[in-house]
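Enquirer: The structure is given below, and queries will be raised subsequently.
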Amino acid sequence: MKKAPFLMALFLSFAIEILLCVIMTDRVLVRSDLVSQDTVSVNEVLRSVEKNFGNPELYEKPLPFAVLDPEGELLYESESGVSHSMNEAVRNRDTILDVTDSEGRVIGRVLICNRTGTVIRAFRIRLLILIGGFSLLQLLIILIWYYYLKKNVLDPFRELNRFAERVASGNLDLPLPMDRRHVFGSFSESFDLMRSELKKARAAEKKAYDEKKEMTAKLSHDIKTPIASIKSASEIGCELAEGERVRALFAQIDAKTDQVTVLVDNLFEASVGDVTEISVTSMPVFASAIMPLLQNADFRNSGTGAEALSKEPYSDFRVYVDMLRLQQAFDNIFMNSYKYADTKIDISFEVQEDLLWIRIRDQGPGVSEEELPLLTEKYRRGSNASGLDGAGLGLYLTAYYLDRMNGILRITNAEPGLMVSLGLRIVE
C-alpha cells in the first residue's frame with residue numbers, strides 16, 4: 001500500500017505548523033520593540049506630567065498614557081484604550097511610574113500603555129488562524145488517505161468477502177472483477193482462478209456422475225429386453241412341457257424373471273431420476289439401416305412390415321438419427337405393446353414432406369383420450385397398467401430421444417389398438 005506520501009504530507013504539515021508557531025511566539029516575546037517602550041519617550045512623559053501636574057493641556061504626548069491620583073482615580077487619558085486603573089495596567093503589562101512633587105512626595109501615577117495586550121490578542125488570533133488552517137489541511141490529508149484506503153483496501157476486501165460467500169453458496173458463474181491497482185489485485189486474480197478451477201471440477205464431476213447414471217439407466221433398461229424374451233420362452237416352455245418336474249422348472253424360471261424385472265426397474269428408476277442430460281448424437285444414415293433395429297426390438301418376432309424399409313421408395317432415404325437411442329426407443333415401444341396389448345404388431349412407413357414416419361401399431365384396446373397426452377410424462381402410466389410391472393419411463397425416454405434427434409413422437413388410438421408414430425428428419 002502506498003502510504004508513504006500521505007504520512008510524509010501529514011508529518012510535513014505538522015513540522016511547518018510547529019515552525020510557524022515558534023516564529024510567531026519569538027516575534028511577540030523576544031523582539032524588544034513589541035514588549036518594551038522607548039526610555040527617552042517614557043522620561044519625557046514623566047517629566048511633562050510632574051512639571052505640569054494638574055494642567056493636562058500642557059502634557060507632552062509622545063506615548064499614550066493615563067494619569068491617576070494617589071487614590072487611583074483617573075485624572076487624565078491621552079487617548080482612548082489606555083489603562084484606567086492599577087489592576088488594569090498590571091494586567092496589560094503597562095509601565096507604571098510615580099509622579100512626585102519638588103519635595104519628593106508622590107502626588108499621582110502615570111500609566112504608560114505598552115500595548116502588550118493588543119499584541120497578545122493579535123498573536124492569539126493569528127495563532128488560532130494558523131492552527132485552524134493547518135488542522136483543516138491535516139484533516140483533508142486524512143480524508144484523502146481514508147478515501148484511498150477505502151477504495152484500495154476496504155472495498156476490495158468487502159468484494160473478496162462477498163465473492164467468498166458466493167463461492168461457498170455454490171455460485172461459480174459470476175467472475176470476480178480484477179484490478180491490479182489495489183492491494184488485493186493479485187489475490188483477486190488468484191481467487192477468480194480458483195473459482196474457474198472449481199467450476200471446471202464441478203462440471204467434470206457432474207458430467208462423470210451423469211455418465212455413470214446414464215450408463216446404469218441404459219444397461220438396466222437394455223437388460224429388460226432379453227429378460228422379456230426369457231420370460232416369454234419360459235411361459236411357452238411351461239405350456240409345452242409334459243412332465244410336472246419340467247413344468248415346475250419353467251415356472252421357477254418365470255418367477256425369477258419377474259423378480260429380476262422388479263430389481264432392474266428399481267435400478268432404472270433410481271438412475272434415471274437423477275440424470276439431467278442424456279447425450280444424443282444424430283448422424284445421417286440410410287433408412288434401410290433402421291430395419292435391423294426394428295427386428296431386434298421385436299423380441300417375439302410377431303411384428304410385420306419392417307422389411308419394407310429395404311425396398312423402394314424408402315431404401316434411398318437418409319435420415320438423421322442416433323442409432324443407439326433409436327434402438328432404445330424401439331425397444332421401449334415393442335416392450336410396452338407386448339406388455340399391455342399382447343397382440344401382433346403391424347409396422348408401416350410413410351413420407352410426409354421432410355419426415356419419414358415409422359408407425360408401430362398393436363391390436364389392443366388402446367387408452368382413453370384423456371390419458372394419451374400423459375403417456376410421455378415421467379413416471380406416468382395408463383389405467384391399463386394396473387397390476388403390471390413398470391416405472392412409467394419407457395415412452396418418456398422415447399419422446400426425449402426423438403426430441404433430441406429433431407424428430408417427432410405421436411401416440412394415437414388406432415381403433416383398434418394403439419399407434420406410436422416416430423417422425424425422423426430426412427436428409428435433404
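Following the order of the C-alpha cells, first chain is A, next is B, and so on, with residues numbered from 1 inside each chain and ligands from 1 in the order they appear.
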Determine, counting only C-alpha atoms, which protein, DNA and RNA residues have an atom within 8 Å of an atom of A:Ser85; residues of the same chain fewer than 6 positions away are not included. Present the result as a CSV table (one decimal) with N, CA and C atoms, in the first residue's frame.
Expert:
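Now in around26.csv:
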chain,number,residue,atom,x,y,z
A,68,LEU,N,-3.2,59.0,37.2
A,68,LEU,CA,-4.1,58.7,38.3
A,68,LEU,C,-3.7,59.5,39.5
A,72,GLY,N,-5.8,56.4,43.1
A,72,GLY,CA,-6.1,55.5,42.0
A,72,GLY,C,-7.2,56.0,41.1
A,73,GLU,N,-7.7,57.2,41.3
A,73,GLU,CA,-8.8,57.7,40.4
A,73,GLU,C,-8.2,58.3,39.2
A,74,LEU,N,-8.8,58.1,38.1
A,74,LEU,CA,-8.4,58.6,36.8
A,74,LEU,C,-8.5,60.1,36.7
Enquirer: Atom CA of A:Ile144 to atom CA of A:Leu20: how many Å, to one decimal?
Expert: 24.4 Å
Enquirer: Return the single residue from A:Ser288, A:Thr343, A:Thr398, A:Gln295 that is closest to A:Phe317, with distances computed using only C-alpha atoms.
Expert: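 Using only C-alpha atoms, the shortest distance to A:Phe317 belongs to A:Ser288.
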Enquirer: Hey, what does DSSP flag as alpha helix (DSSP H) within stretch 233-323 of chain A? Can you give it to me as JSON, numbers by chain?
Expert: {"A": [233, 234, 235, 236, 237, 238, 239, 240, 244, 245, 246, 247, 248, 249, 250, 251, 252, 253, 254, 255, 256, 257, 258, 259, 260, 261, 262, 263, 264, 265, 266, 267, 268, 269, 270, 271, 272, 291, 292, 293, 294, 295, 296, 297, 323]}
Enquirer: Could those residues be written to a file, using C-alpha atoms, as a CSV table (one decimal), in the first residue's frame?
Expert:
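And here's again.csv as it stands now:
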chain,number,residue,atom,x,y,z
A,233,ALA,CA,-39.7,-68.6,-23.7
A,234,SER,CA,-40.3,-69.9,-20.2
A,235,GLU,CA,-44.1,-69.3,-20.5
A,236,ILE,CA,-44.1,-71.2,-23.8
A,237,GLY,CA,-42.0,-73.9,-22.4
A,238,CYS,CA,-44.2,-74.3,-19.4
A,239,GLU,CA,-47.2,-74.7,-21.7
A,240,LEU,CA,-45.5,-77.3,-23.8
A,244,GLU,CA,-44.6,-81.8,-13.8
A,245,ARG,CA,-40.9,-81.6,-12.9
A,246,VAL,CA,-40.1,-79.7,-16.2
A,247,ARG,CA,-43.2,-77.6,-15.8
A,248,ALA,CA,-42.1,-76.6,-12.3
A,249,LEU,CA,-38.7,-75.7,-13.5
A,250,PHE,CA,-40.1,-73.4,-16.2
A,251,ALA,CA,-42.4,-71.8,-13.6
A,252,GLN,CA,-39.4,-71.2,-11.4
A,253,ILE,CA,-37.6,-69.5,-14.3
A,254,ASP,CA,-40.7,-67.4,-14.9
A,255,ALA,CA,-40.9,-66.3,-11.3
A,256,LYS,CA,-37.2,-65.5,-11.2
A,257,THR,CA,-37.5,-63.4,-14.4
A,258,ASP,CA,-40.3,-61.4,-12.6
A,259,GLN,CA,-38.0,-60.9,-9.6
A,260,VAL,CA,-35.1,-59.7,-11.8
A,261,THR,CA,-37.5,-57.4,-13.7
A,262,VAL,CA,-38.6,-55.7,-10.4
A,263,LEU,CA,-34.9,-55.3,-9.3
A,264,VAL,CA,-34.0,-53.9,-12.8
A,265,ASP,CA,-37.0,-51.5,-12.7
A,266,ASN,CA,-35.9,-50.2,-9.3
A,267,LEU,CA,-32.3,-49.7,-10.5
A,268,PHE,CA,-33.6,-48.0,-13.7
A,269,GLU,CA,-35.9,-45.7,-11.8
A,270,ALA,CA,-33.2,-44.6,-9.3
A,271,SER,CA,-30.7,-44.0,-12.1
A,272,VAL,CA,-33.0,-42.0,-14.5
A,291,MET,CA,-34.8,-52.3,-40.3
A,292,PRO,CA,-32.4,-54.4,-38.1
A,293,LEU,CA,-33.2,-52.1,-35.2
A,294,LEU,CA,-36.9,-52.9,-35.5
A,295,GLN,CA,-36.2,-56.6,-35.8
A,296,ASN,CA,-34.0,-56.6,-32.7
A,297,ALA,CA,-36.7,-54.8,-30.7
A,323,MET,CA,-28.7,-45.4,-33.9
Enquirer: Neighbouring residues of A:Ser282 were defined as those with any atom within 9 Å, considering only C-alpha atoms; residues of the same chain fewer than 4 positions away were excluded. Please report them as a ChimeraX atom specification.
Expert: /A:320-323,404-406
Enquirer: Could you pull out the residues in stretch 14-261 of chain A that DSSP calls strand (DSSP E or B) from the backbone, as a list of chain:residue names?
Expert: A:Phe65, A:Ala66, A:Val67, A:Leu68, A:Leu74, A:Leu75, A:Tyr76, A:Glu77, A:Thr95, A:Ile96, A:Leu97, A:Asp98, A:Val99, A:Thr100, A:Val106, A:Ile107, A:Gly108, A:Arg109, A:Val110, A:Leu111, A:Ile112
Enquirer: Name the closest residue to A:Val40 among the candidates A:Arg109, A:Leu128, A:Leu63, A:Leu97; distances are taken between atoms, counting only C-alpha atoms.
Expert: A:Leu63
Enquirer: Tell me which protein, DNA and RNA residues are within 9 Å of A:Leu130, counting only C-alpha atoms, leaving out same-chain ones fewer than 5 positions away, and put them as a PyMOL selection string.
Expert: chain A and resi 17+20-21+125+135
Enquirer: Store the residues of this selection in a file with N, CA and C atoms, as a PDB file, in the first residue's frame.
Expert:
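Output (selection.pdb):
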ATOM      1  N   GLU A  17       3.678  23.677  10.805  1.00  0.00           N
ATOM      2  CA  GLU A  17       2.826  24.309  11.815  1.00  0.00           C
ATOM      3  C   GLU A  17       3.628  24.654  13.064  1.00  0.00           C
ATOM      4  N   LEU A  20       6.092  27.629  12.331  1.00  0.00           N
ATOM      5  CA  LEU A  20       5.423  28.929  12.273  1.00  0.00           C
ATOM      6  C   LEU A  20       4.975  29.394  13.655  1.00  0.00           C
ATOM      7  N   CYS A  21       4.537  28.481  14.497  1.00  0.00           N
ATOM      8  CA  CYS A  21       4.151  28.850  15.864  1.00  0.00           C
ATOM      9  C   CYS A  21       5.356  29.388  16.636  1.00  0.00           C
ATOM     10  N   ILE A 125      -5.035  35.570  17.884  1.00  0.00           N
ATOM     11  CA  ILE A 125      -5.877  35.429  16.697  1.00  0.00           C
ATOM     12  C   ILE A 125      -5.100  34.793  15.547  1.00  0.00           C
ATOM     13  N   SER A 135      -4.935  22.567  10.746  1.00  0.00           N
ATOM     14  CA  SER A 135      -5.807  21.453  11.152  1.00  0.00           C
ATOM     15  C   SER A 135      -6.715  21.042   9.996  1.00  0.00           C
TER      16      SER A 135
END
Enquirer: Quick one, how far is atom CA of A:Pro226 from atom CA of A:Phe349?
Expert: 26.7 Å
Enquirer: Smallest atom-to-atom distance to A:Val90: which of A:Leu198, A:Met8, A:Leu111, A:Ala241, using only C-alpha atoms?
Expert: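 Answer, going by the shortest atom-to-atom distance: A:Leu111.
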Enquirer: Would you list the contacts of A:Arg410 as a PDB file with C-alpha atoms, in the first residue's frame, taking every protein, DNA or RNA residue within 8 Å and counting only C-alpha atoms, but skipping same-chain residues closer than 3 positions in sequence?
Expert:
ATOM      1  CA  VAL A 420     -46.958 -44.956 -31.901  1.00  0.00           C
ATOM      2  CA  SER A 421     -45.595 -42.856 -34.787  1.00  0.00           C
ATOM      3  CA  LEU A 422     -41.940 -41.809 -34.969  1.00  0.00           C
TER       4      LEU A 422
END
Enquirer: What is the atom CA of A:Glu44 to atom CA of A:Gly81 distance in Å?
Expert: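 Atom CA of A:Glu44 sits 20.7 Å away from atom CA of A:Gly81.
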Enquirer: Taking only C-alpha atoms into account, which of A:Pro5, A:Gly243, A:Gly423, A:Pro416 comes nearest A:Glu353?
Expert: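 Using only C-alpha atoms, A:Glu353 sits closest to A:Gly423.
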Enquirer: I'd like the neighbourhood of A:Leu424 as an MDAnalysis selection string, where a residue qualifies if any of its atoms comes within 6 Å (using only C-alpha atoms), though same-chain residues fewer than 2 positions away should be ignored.
Expert: chainID A and resid 355:356 407
Enquirer: Mind checking which residues fall within 6 Å of A:Ile426, counting only C-alpha atoms, ignoring those fewer than 3 positions away in the same chain, and posting them as a ChimeraX atom specification?
Expert: /A:318-319,354-355
Enquirer: Can you spit out the residues from that selection as a PDB file, in the first residue's frame, using C-alpha atoms?
Expert:
ATOM      1  CA  ARG A 318     -31.299 -40.962 -45.428  1.00  0.00           C
ATOM      2  CA  VAL A 319     -32.444 -39.700 -42.028  1.00  0.00           C
ATOM      3  CA  ASP A 354     -39.230 -33.819 -44.759  1.00  0.00           C
ATOM      4  CA  LEU A 355     -40.193 -36.621 -42.346  1.00  0.00           C
TER       5      LEU A 355
END
